[in-house]
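K.L.:
What follows is work-v1.txt, compact mmCIF, N, CA and C atoms.
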# COMPACT_ATOMS: atom_id res chain seq x y z
N MET A 165 14.57 -59.37 -60.65
CA MET A 165 13.46 -58.51 -60.23
C MET A 165 12.93 -58.95 -58.86
N ILE A 166 12.75 -60.26 -58.67
CA ILE A 166 12.21 -60.77 -57.41
C ILE A 166 13.12 -60.37 -56.24
N GLN A 167 14.43 -60.39 -56.46
CA GLN A 167 15.37 -60.05 -55.39
C GLN A 167 15.14 -58.66 -54.84
N GLU A 168 14.69 -57.75 -55.69
CA GLU A 168 14.42 -56.38 -55.25
C GLU A 168 13.33 -56.33 -54.20
N TYR A 169 12.44 -57.32 -54.20
CA TYR A 169 11.28 -57.31 -53.32
C TYR A 169 11.35 -58.33 -52.20
N GLU A 170 12.48 -59.01 -52.05
CA GLU A 170 12.59 -60.03 -51.01
C GLU A 170 12.38 -59.47 -49.61
N ALA A 171 12.79 -58.26 -49.38
CA ALA A 171 12.64 -57.65 -48.06
C ALA A 171 11.25 -57.08 -47.84
N PHE A 172 10.40 -57.12 -48.86
CA PHE A 172 9.07 -56.52 -48.77
C PHE A 172 8.25 -57.13 -47.63
N GLY A 173 8.19 -58.45 -47.58
CA GLY A 173 7.41 -59.12 -46.53
C GLY A 173 7.91 -58.77 -45.15
N SER A 174 9.21 -58.73 -45.00
CA SER A 174 9.80 -58.36 -43.70
C SER A 174 9.44 -56.93 -43.33
N LEU A 175 9.55 -56.03 -44.29
CA LEU A 175 9.20 -54.63 -44.05
C LEU A 175 7.72 -54.49 -43.72
N LEU A 176 6.88 -55.21 -44.45
CA LEU A 176 5.45 -55.17 -44.19
C LEU A 176 5.13 -55.67 -42.77
N GLY A 177 5.77 -56.75 -42.37
CA GLY A 177 5.58 -57.27 -41.01
C GLY A 177 6.05 -56.27 -39.96
N GLN A 178 7.18 -55.63 -40.20
CA GLN A 178 7.71 -54.65 -39.26
C GLN A 178 6.76 -53.46 -39.14
N VAL A 179 6.26 -52.97 -40.26
CA VAL A 179 5.31 -51.85 -40.23
C VAL A 179 4.07 -52.25 -39.45
N SER A 180 3.58 -53.45 -39.67
CA SER A 180 2.40 -53.93 -38.96
C SER A 180 2.63 -53.96 -37.44
N ARG A 181 3.78 -54.50 -37.03
CA ARG A 181 4.08 -54.57 -35.59
C ARG A 181 4.20 -53.18 -34.97
N VAL A 182 4.92 -52.28 -35.65
CA VAL A 182 5.11 -50.93 -35.12
C VAL A 182 3.78 -50.17 -35.11
N TRP A 183 2.97 -50.38 -36.14
CA TRP A 183 1.64 -49.75 -36.22
C TRP A 183 0.80 -50.18 -35.02
N ARG A 184 0.73 -51.51 -34.79
CA ARG A 184 -0.06 -52.02 -33.66
C ARG A 184 0.45 -51.47 -32.33
N LYS A 185 1.76 -51.40 -32.19
CA LYS A 185 2.34 -50.89 -30.95
C LYS A 185 1.95 -49.43 -30.74
N ALA A 186 2.05 -48.62 -31.78
CA ALA A 186 1.69 -47.20 -31.67
C ALA A 186 0.20 -47.05 -31.33
N MET A 187 -0.64 -47.84 -31.98
CA MET A 187 -2.08 -47.77 -31.70
C MET A 187 -2.37 -48.23 -30.28
N ASN A 188 -1.75 -49.33 -29.86
CA ASN A 188 -1.97 -49.82 -28.49
C ASN A 188 -1.52 -48.80 -27.45
N GLU A 189 -0.39 -48.14 -27.69
CA GLU A 189 0.07 -47.11 -26.76
C GLU A 189 -0.91 -45.95 -26.73
N SER A 190 -1.41 -45.57 -27.88
CA SER A 190 -2.37 -44.48 -27.97
C SER A 190 -3.67 -44.80 -27.23
N LEU A 191 -4.03 -46.08 -27.20
CA LEU A 191 -5.31 -46.50 -26.63
C LEU A 191 -5.18 -47.13 -25.25
N SER A 192 -3.96 -47.15 -24.71
CA SER A 192 -3.75 -47.80 -23.41
C SER A 192 -4.52 -47.12 -22.28
N GLU A 193 -4.80 -45.84 -22.41
CA GLU A 193 -5.53 -45.13 -21.36
C GLU A 193 -6.94 -45.69 -21.16
N PHE A 194 -7.45 -46.41 -22.15
CA PHE A 194 -8.78 -46.99 -22.04
C PHE A 194 -8.74 -48.41 -21.51
N GLY A 195 -7.53 -48.93 -21.26
CA GLY A 195 -7.39 -50.29 -20.77
C GLY A 195 -7.69 -51.32 -21.83
N LEU A 196 -7.54 -50.93 -23.09
CA LEU A 196 -7.83 -51.82 -24.20
C LEU A 196 -6.55 -52.17 -24.94
N THR A 197 -6.56 -53.36 -25.51
CA THR A 197 -5.48 -53.78 -26.40
C THR A 197 -6.08 -53.91 -27.80
N GLU A 198 -5.23 -54.22 -28.77
CA GLU A 198 -5.73 -54.39 -30.13
C GLU A 198 -6.83 -55.44 -30.17
N GLY A 199 -6.65 -56.49 -29.39
CA GLY A 199 -7.65 -57.55 -29.37
C GLY A 199 -9.01 -57.08 -28.90
N THR A 200 -9.04 -56.07 -28.05
CA THR A 200 -10.33 -55.62 -27.53
C THR A 200 -10.85 -54.35 -28.19
N TRP A 201 -9.98 -53.49 -28.69
CA TRP A 201 -10.52 -52.29 -29.33
C TRP A 201 -10.94 -52.53 -30.78
N ARG A 202 -10.27 -53.46 -31.48
CA ARG A 202 -10.66 -53.72 -32.88
C ARG A 202 -12.10 -54.19 -33.02
N PRO A 203 -12.57 -55.16 -32.20
CA PRO A 203 -13.97 -55.56 -32.35
C PRO A 203 -14.93 -54.41 -32.09
N LEU A 204 -14.59 -53.55 -31.14
CA LEU A 204 -15.47 -52.40 -30.87
C LEU A 204 -15.59 -51.51 -32.10
N ILE A 205 -14.49 -51.29 -32.78
CA ILE A 205 -14.51 -50.44 -33.97
C ILE A 205 -15.31 -51.10 -35.10
N TYR A 206 -15.11 -52.40 -35.31
CA TYR A 206 -15.88 -53.10 -36.34
C TYR A 206 -17.38 -53.02 -36.04
N LEU A 207 -17.75 -53.22 -34.79
CA LEU A 207 -19.16 -53.16 -34.42
C LEU A 207 -19.70 -51.74 -34.54
N PHE A 208 -18.89 -50.76 -34.22
CA PHE A 208 -19.29 -49.36 -34.31
C PHE A 208 -19.55 -48.98 -35.77
N ARG A 209 -18.72 -49.46 -36.68
CA ARG A 209 -18.84 -49.11 -38.10
C ARG A 209 -19.94 -49.88 -38.81
N ALA A 210 -20.37 -50.99 -38.24
CA ALA A 210 -21.35 -51.85 -38.91
C ALA A 210 -22.68 -51.13 -39.08
N THR A 211 -23.30 -51.32 -40.22
CA THR A 211 -24.58 -50.68 -40.49
C THR A 211 -25.75 -51.50 -39.94
N GLU A 212 -25.48 -52.75 -39.58
CA GLU A 212 -26.49 -53.61 -38.96
C GLU A 212 -25.76 -54.54 -38.00
N PRO A 213 -26.47 -55.12 -37.04
CA PRO A 213 -25.80 -56.00 -36.08
C PRO A 213 -25.08 -57.16 -36.77
N LEU A 214 -23.84 -57.37 -36.41
CA LEU A 214 -23.04 -58.45 -36.98
C LEU A 214 -23.24 -59.72 -36.16
N SER A 215 -23.07 -60.85 -36.82
CA SER A 215 -23.03 -62.11 -36.08
C SER A 215 -21.60 -62.31 -35.59
N GLN A 216 -21.43 -63.24 -34.66
CA GLN A 216 -20.08 -63.56 -34.19
C GLN A 216 -19.22 -64.05 -35.35
N ASN A 217 -19.82 -64.84 -36.26
CA ASN A 217 -19.08 -65.34 -37.42
C ASN A 217 -18.67 -64.20 -38.35
N ASP A 218 -19.57 -63.24 -38.56
CA ASP A 218 -19.25 -62.08 -39.40
C ASP A 218 -18.05 -61.33 -38.83
N LEU A 219 -18.08 -61.12 -37.52
CA LEU A 219 -16.99 -60.39 -36.88
C LEU A 219 -15.68 -61.15 -37.00
N ALA A 220 -15.72 -62.46 -36.80
CA ALA A 220 -14.51 -63.28 -36.92
C ALA A 220 -13.92 -63.15 -38.32
N GLU A 221 -14.79 -63.21 -39.32
CA GLU A 221 -14.32 -63.10 -40.70
C GLU A 221 -13.70 -61.73 -40.98
N LEU A 222 -14.37 -60.67 -40.53
CA LEU A 222 -13.85 -59.32 -40.74
C LEU A 222 -12.49 -59.12 -40.08
N MET A 223 -12.33 -59.71 -38.90
CA MET A 223 -11.09 -59.54 -38.15
C MET A 223 -10.00 -60.52 -38.57
N GLY A 224 -10.36 -61.51 -39.38
CA GLY A 224 -9.39 -62.50 -39.80
C GLY A 224 -8.98 -63.43 -38.67
N LEU A 225 -9.92 -63.72 -37.78
CA LEU A 225 -9.66 -64.59 -36.63
C LEU A 225 -10.58 -65.80 -36.68
N ASP A 226 -10.19 -66.84 -35.95
CA ASP A 226 -11.09 -67.99 -35.85
C ASP A 226 -12.20 -67.66 -34.86
N ARG A 227 -13.30 -68.37 -34.98
CA ARG A 227 -14.49 -68.07 -34.17
C ARG A 227 -14.24 -68.20 -32.68
N SER A 228 -13.43 -69.19 -32.27
CA SER A 228 -13.20 -69.36 -30.84
C SER A 228 -12.45 -68.18 -30.24
N SER A 229 -11.53 -67.60 -31.00
CA SER A 229 -10.81 -66.42 -30.52
C SER A 229 -11.76 -65.24 -30.34
N VAL A 230 -12.68 -65.08 -31.30
CA VAL A 230 -13.64 -63.99 -31.23
C VAL A 230 -14.59 -64.19 -30.05
N VAL A 231 -14.99 -65.42 -29.80
CA VAL A 231 -15.86 -65.69 -28.66
C VAL A 231 -15.19 -65.26 -27.36
N ARG A 232 -13.90 -65.56 -27.23
CA ARG A 232 -13.16 -65.16 -26.01
C ARG A 232 -13.09 -63.63 -25.89
N LEU A 233 -12.82 -62.95 -27.02
CA LEU A 233 -12.78 -61.49 -27.00
C LEU A 233 -14.14 -60.92 -26.62
N LEU A 234 -15.19 -61.50 -27.18
CA LEU A 234 -16.54 -61.01 -26.88
C LEU A 234 -16.92 -61.26 -25.43
N ASP A 235 -16.43 -62.36 -24.87
CA ASP A 235 -16.67 -62.62 -23.44
C ASP A 235 -16.10 -61.47 -22.59
N VAL A 236 -14.88 -61.05 -22.93
CA VAL A 236 -14.23 -59.95 -22.21
C VAL A 236 -15.02 -58.66 -22.39
N LEU A 237 -15.41 -58.37 -23.63
CA LEU A 237 -16.15 -57.13 -23.92
C LEU A 237 -17.54 -57.13 -23.30
N GLN A 238 -18.17 -58.29 -23.27
CA GLN A 238 -19.49 -58.39 -22.65
C GLN A 238 -19.37 -58.20 -21.13
N LYS A 239 -18.37 -58.81 -20.54
CA LYS A 239 -18.15 -58.67 -19.09
C LYS A 239 -17.87 -57.21 -18.72
N ALA A 240 -17.19 -56.48 -19.62
CA ALA A 240 -16.90 -55.06 -19.39
C ALA A 240 -18.12 -54.18 -19.61
N GLY A 241 -19.18 -54.75 -20.17
CA GLY A 241 -20.40 -53.99 -20.41
C GLY A 241 -20.43 -53.24 -21.73
N TYR A 242 -19.58 -53.65 -22.68
CA TYR A 242 -19.48 -52.95 -23.95
C TYR A 242 -20.30 -53.59 -25.07
N VAL A 243 -20.62 -54.88 -24.93
CA VAL A 243 -21.27 -55.63 -26.00
C VAL A 243 -22.35 -56.52 -25.42
N THR A 244 -23.43 -56.66 -26.18
CA THR A 244 -24.44 -57.67 -25.85
C THR A 244 -24.56 -58.62 -27.02
N ARG A 245 -24.98 -59.84 -26.71
CA ARG A 245 -25.25 -60.86 -27.73
C ARG A 245 -26.74 -61.16 -27.69
N GLN A 246 -27.36 -61.10 -28.84
CA GLN A 246 -28.80 -61.38 -28.90
C GLN A 246 -29.05 -62.44 -29.95
N GLU A 247 -30.03 -63.31 -29.67
CA GLU A 247 -30.39 -64.34 -30.64
C GLU A 247 -30.95 -63.70 -31.90
N ASP A 248 -30.57 -64.27 -33.02
CA ASP A 248 -31.10 -63.84 -34.30
C ASP A 248 -32.57 -64.24 -34.39
N ALA A 249 -33.39 -63.39 -34.95
CA ALA A 249 -34.82 -63.66 -35.04
C ALA A 249 -35.11 -64.87 -35.95
N GLN A 250 -34.28 -65.10 -36.96
CA GLN A 250 -34.50 -66.19 -37.91
C GLN A 250 -33.86 -67.51 -37.46
N ASP A 251 -32.72 -67.41 -36.77
CA ASP A 251 -31.96 -68.60 -36.40
C ASP A 251 -31.37 -68.41 -35.00
N ARG A 252 -31.92 -69.11 -34.04
CA ARG A 252 -31.51 -68.93 -32.64
C ARG A 252 -30.06 -69.33 -32.38
N ARG A 253 -29.47 -70.09 -33.28
CA ARG A 253 -28.06 -70.47 -33.10
C ARG A 253 -27.13 -69.29 -33.35
N ILE A 254 -27.59 -68.32 -34.10
CA ILE A 254 -26.77 -67.15 -34.45
C ILE A 254 -26.95 -66.08 -33.39
N LYS A 255 -25.83 -65.54 -32.92
CA LYS A 255 -25.84 -64.44 -31.96
C LYS A 255 -25.47 -63.16 -32.68
N ARG A 256 -26.36 -62.17 -32.57
CA ARG A 256 -26.12 -60.85 -33.15
C ARG A 256 -25.49 -59.98 -32.07
N LEU A 257 -24.51 -59.19 -32.47
CA LEU A 257 -23.75 -58.37 -31.54
C LEU A 257 -24.21 -56.92 -31.60
N GLN A 258 -24.36 -56.34 -30.44
CA GLN A 258 -24.76 -54.94 -30.33
C GLN A 258 -23.81 -54.25 -29.35
N LEU A 259 -23.40 -53.05 -29.69
CA LEU A 259 -22.66 -52.24 -28.72
C LEU A 259 -23.66 -51.69 -27.71
N THR A 260 -23.27 -51.68 -26.46
CA THR A 260 -24.08 -51.00 -25.46
C THR A 260 -23.78 -49.52 -25.56
N SER A 261 -24.46 -48.71 -24.78
CA SER A 261 -24.14 -47.27 -24.80
C SER A 261 -22.72 -47.05 -24.31
N ALA A 262 -22.27 -47.83 -23.32
CA ALA A 262 -20.89 -47.72 -22.84
C ALA A 262 -19.92 -48.15 -23.94
N GLY A 263 -20.27 -49.20 -24.68
CA GLY A 263 -19.43 -49.66 -25.78
C GLY A 263 -19.34 -48.63 -26.89
N THR A 264 -20.44 -47.98 -27.19
CA THR A 264 -20.45 -46.93 -28.21
C THR A 264 -19.58 -45.76 -27.78
N GLU A 265 -19.68 -45.40 -26.50
CA GLU A 265 -18.86 -44.30 -25.98
C GLU A 265 -17.38 -44.62 -26.06
N VAL A 266 -17.02 -45.84 -25.67
CA VAL A 266 -15.61 -46.24 -25.73
C VAL A 266 -15.14 -46.30 -27.18
N ALA A 267 -15.98 -46.82 -28.08
CA ALA A 267 -15.61 -46.87 -29.50
C ALA A 267 -15.36 -45.47 -30.05
N LEU A 268 -16.18 -44.52 -29.66
CA LEU A 268 -15.96 -43.13 -30.08
C LEU A 268 -14.65 -42.59 -29.54
N GLN A 269 -14.33 -42.90 -28.29
CA GLN A 269 -13.08 -42.45 -27.68
C GLN A 269 -11.89 -43.11 -28.37
N VAL A 270 -12.03 -44.39 -28.69
CA VAL A 270 -10.97 -45.11 -29.40
C VAL A 270 -10.74 -44.48 -30.76
N LYS A 271 -11.82 -44.21 -31.45
CA LYS A 271 -11.73 -43.59 -32.78
C LYS A 271 -11.01 -42.25 -32.69
N GLN A 272 -11.38 -41.46 -31.71
CA GLN A 272 -10.77 -40.13 -31.54
C GLN A 272 -9.28 -40.25 -31.19
N ALA A 273 -8.94 -41.15 -30.27
CA ALA A 273 -7.54 -41.32 -29.86
C ALA A 273 -6.70 -41.85 -31.01
N SER A 274 -7.27 -42.73 -31.82
CA SER A 274 -6.51 -43.29 -32.94
C SER A 274 -6.27 -42.25 -34.02
N GLN A 275 -7.11 -41.23 -34.09
CA GLN A 275 -6.93 -40.17 -35.08
C GLN A 275 -5.58 -39.48 -34.93
N HIS A 276 -5.09 -39.40 -33.70
CA HIS A 276 -3.78 -38.77 -33.46
C HIS A 276 -2.68 -39.55 -34.17
N VAL A 277 -2.69 -40.87 -34.03
CA VAL A 277 -1.68 -41.69 -34.69
C VAL A 277 -1.82 -41.58 -36.20
N LEU A 278 -3.05 -41.67 -36.69
CA LEU A 278 -3.29 -41.57 -38.13
C LEU A 278 -2.80 -40.23 -38.67
N GLN A 279 -3.14 -39.17 -37.97
CA GLN A 279 -2.75 -37.83 -38.43
C GLN A 279 -1.23 -37.67 -38.42
N GLN A 280 -0.59 -38.17 -37.37
CA GLN A 280 0.86 -38.08 -37.24
C GLN A 280 1.55 -38.76 -38.43
N VAL A 281 1.04 -39.90 -38.84
CA VAL A 281 1.65 -40.64 -39.94
C VAL A 281 1.23 -40.09 -41.29
N PHE A 282 -0.07 -39.98 -41.50
CA PHE A 282 -0.56 -39.66 -42.84
C PHE A 282 -0.37 -38.21 -43.24
N ASP A 283 -0.24 -37.32 -42.30
CA ASP A 283 0.04 -35.93 -42.66
C ASP A 283 1.45 -35.76 -43.21
N ALA A 284 2.34 -36.71 -42.90
CA ALA A 284 3.73 -36.61 -43.33
C ALA A 284 4.01 -37.29 -44.67
N ILE A 285 2.99 -37.94 -45.23
CA ILE A 285 3.18 -38.69 -46.48
C ILE A 285 2.26 -38.10 -47.55
N PRO A 286 2.80 -37.83 -48.73
CA PRO A 286 1.97 -37.25 -49.81
C PRO A 286 0.77 -38.16 -50.15
N ASP A 287 -0.35 -37.52 -50.44
CA ASP A 287 -1.59 -38.26 -50.75
C ASP A 287 -1.43 -39.24 -51.89
N ASP A 288 -0.71 -38.85 -52.95
CA ASP A 288 -0.57 -39.76 -54.09
C ASP A 288 0.22 -41.01 -53.72
N LEU A 289 1.21 -40.88 -52.84
CA LEU A 289 1.98 -42.03 -52.39
C LEU A 289 1.12 -42.95 -51.52
N LEU A 290 0.33 -42.35 -50.63
CA LEU A 290 -0.58 -43.15 -49.80
C LEU A 290 -1.59 -43.90 -50.65
N SER A 291 -2.16 -43.23 -51.62
CA SER A 291 -3.15 -43.85 -52.50
C SER A 291 -2.53 -45.00 -53.28
N SER A 292 -1.35 -44.78 -53.82
CA SER A 292 -0.66 -45.81 -54.58
C SER A 292 -0.30 -47.00 -53.68
N THR A 293 0.17 -46.73 -52.49
CA THR A 293 0.52 -47.79 -51.54
C THR A 293 -0.70 -48.60 -51.16
N GLN A 294 -1.80 -47.92 -50.87
CA GLN A 294 -3.04 -48.61 -50.51
C GLN A 294 -3.53 -49.48 -51.66
N SER A 295 -3.49 -48.96 -52.87
CA SER A 295 -3.90 -49.74 -54.03
C SER A 295 -3.02 -50.97 -54.21
N GLY A 296 -1.73 -50.79 -54.04
CA GLY A 296 -0.80 -51.92 -54.16
C GLY A 296 -1.06 -52.98 -53.11
N LEU A 297 -1.30 -52.57 -51.88
CA LEU A 297 -1.57 -53.54 -50.80
C LEU A 297 -2.88 -54.27 -51.03
N GLN A 298 -3.88 -53.57 -51.54
CA GLN A 298 -5.16 -54.23 -51.85
C GLN A 298 -4.98 -55.26 -52.96
N GLN A 299 -4.17 -54.94 -53.93
CA GLN A 299 -3.92 -55.87 -55.02
C GLN A 299 -3.17 -57.10 -54.50
N ILE A 300 -2.22 -56.90 -53.61
CA ILE A 300 -1.49 -58.03 -53.00
C ILE A 300 -2.46 -58.93 -52.24
N LEU A 301 -3.37 -58.33 -51.47
CA LEU A 301 -4.38 -59.12 -50.76
C LEU A 301 -5.20 -59.98 -51.72
N GLN A 302 -5.63 -59.38 -52.79
CA GLN A 302 -6.43 -60.12 -53.78
C GLN A 302 -5.62 -61.25 -54.41
N LEU A 303 -4.37 -60.99 -54.76
CA LEU A 303 -3.53 -62.01 -55.37
C LEU A 303 -3.23 -63.15 -54.41
N LEU A 304 -3.22 -62.86 -53.12
CA LEU A 304 -2.99 -63.90 -52.11
C LEU A 304 -4.29 -64.56 -51.66
N GLY A 305 -5.40 -64.20 -52.33
CA GLY A 305 -6.66 -64.86 -52.04
C GLY A 305 -7.45 -64.31 -50.90
N GLN A 306 -7.18 -63.10 -50.49
CA GLN A 306 -7.91 -62.46 -49.40
C GLN A 306 -8.58 -61.18 -49.91
N PRO A 307 -9.75 -61.30 -50.54
CA PRO A 307 -10.40 -60.08 -51.03
C PRO A 307 -10.71 -59.14 -49.89
N ARG A 308 -10.59 -57.88 -50.11
CA ARG A 308 -10.82 -56.88 -49.06
C ARG A 308 -12.28 -56.63 -48.92
Could I get this structure in the form of structure tokens?

P.N.:
Amino acid sequence: MIQEYEAFGSLLGQVSRVWRKAMNESLSEFGLTEGTWRPLIYLFRATEPLSQNDLAELMGLDRSSVVRLLDVLQKAGYVTRQEDAQDRRIKRLQLTSAGTEVALQVKQASQHVLQQVFDAIPDDLLSSTQSGLQQILQLLGQPR
């Protein structure tokens, strides 16, 4: 039984690489890479300002990598860092109006890739695949 699934990890990695490439190509007109557009989307979707640590955890990156990404985004005028009212060591992240505009453009441009892929796959198969991947994440110790 295990032999049937040996290629699964390889296939999953290949899908991930091709997915990132398609998204990066779709978003290249904005001068953004996955490293810079993903934080914008996480911040855009957040219901309250995230800390740098929160963002690192959501993105599955170490804090120093996120700090470097935020430096780039702050220099571009997309993100501000503000001290937390309760703990000055914590920096809360806010999208600027330019950052919000770019995040909206990124979201819209990415819809083309999503539509191209997901319109070609039956809903029940997508739902089953998503459920299976979430279960794999949980079994590997990474709750979604």

K.L.:
If you run DSSP on this backbone, which residues of stretch 168-285 of chain A come out as alpha helix (DSSP H), and could you give them as an NGL selection string?

P.N.:
:A and (172-191 or 198-209 or 216-223 or 227-239 or 261-282)

K.L.:
What's the 12 Å shell around stretch 225-229 of chain A, counting only C-alpha atoms, without same-chain residues fewer than 6 positions away, as a list in words?

P.N.:
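Counting only C-alpha atoms, the residues come to Gly199, Thr200, Arg202, Pro203, Ser215, Gln216, Asn217, Asp218, Leu219, Asp235 and Val236 of chain A.
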
K.L.:
Quick one: 4 Å padding each side, axis-aligned, all listed atoms of stretch 191-206 of chain A - centre and edge lengths in Å to one decimal, as AutoDock Vina command-line options?

P.N.:
--center_x -10.6 --center_y -51.3 --center_z -28.6 --size_x 21.6 --size_y 20.4 --size_z 23.6

K.L.:
For a quick check of understanding, using only C-alpha atoms, which of A:Leu175, A:Leu303, A:Leu237, A:Val182 has the smallest distance to A:Gln258?

P.N.:
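Looking only at the distances to A:Gln258, the closest residue turns out to be A:Leu237.
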
K.L.:
Residues near A:Val281, anyone? I mean within 12 Å using only C-alpha atoms, not counting same-chain ones fewer than 4 positions away, as a ChimeraX atom specification.

P.N.:
/A:179,182-183,186-187,274-277,285-287,290

K.L.:
For A:Leu214, which residue out of A:Arg184, A:Arg232, A:Lys255, A:Lys239 is the nearest one, using all atoms listed in the file?

P.N.:
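The answer is A:Lys255, which sits nearest to A:Leu214.
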
K.L.:
Can you work out which one of A:Leu289, A:Thr211, A:Asp283, A:Ala240 has the shortest atom-to-atom distance to A:Gly263, counting only N, CA and C atoms?

P.N.:
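Among the listed residues, the smallest separation from A:Gly263 belongs to A:Ala240.
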
K.L.:
Nearest residue to A:Gly195 out of A:Val270, A:Leu278, A:Leu207, A:Leu259, using only C-alpha atoms?

P.N.:
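Ranking A:Val270, A:Leu278, A:Leu207, A:Leu259 by distance to A:Gly195, first place goes to A:Val270.
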
K.L.:
What lies within 8 Å of A:Ser261 using all atoms listed in the file, ignoring chain neighbours under 4 positions off, as a list in words?

P.N.:
Gly241, Tyr242, Val243, Glu265, Val266 and Ala267 of chain A

K.L.:
Can you work out the spacing between atom C of A:Thr197 and atom C of A:Leu233 in Å, to one decimal?

P.N.:
10.7 Å

K.L.:
Calculate how many Å separate atom CA of A:Leu257 from atom N of A:Pro213, rounding to one decimal.

P.N.:
6.9 Å

K.L.:
Using Å and a single decimal, report how far atom N of A:Gly173 sits from atom CA of A:Gln298.

P.N.:
14.6 Å
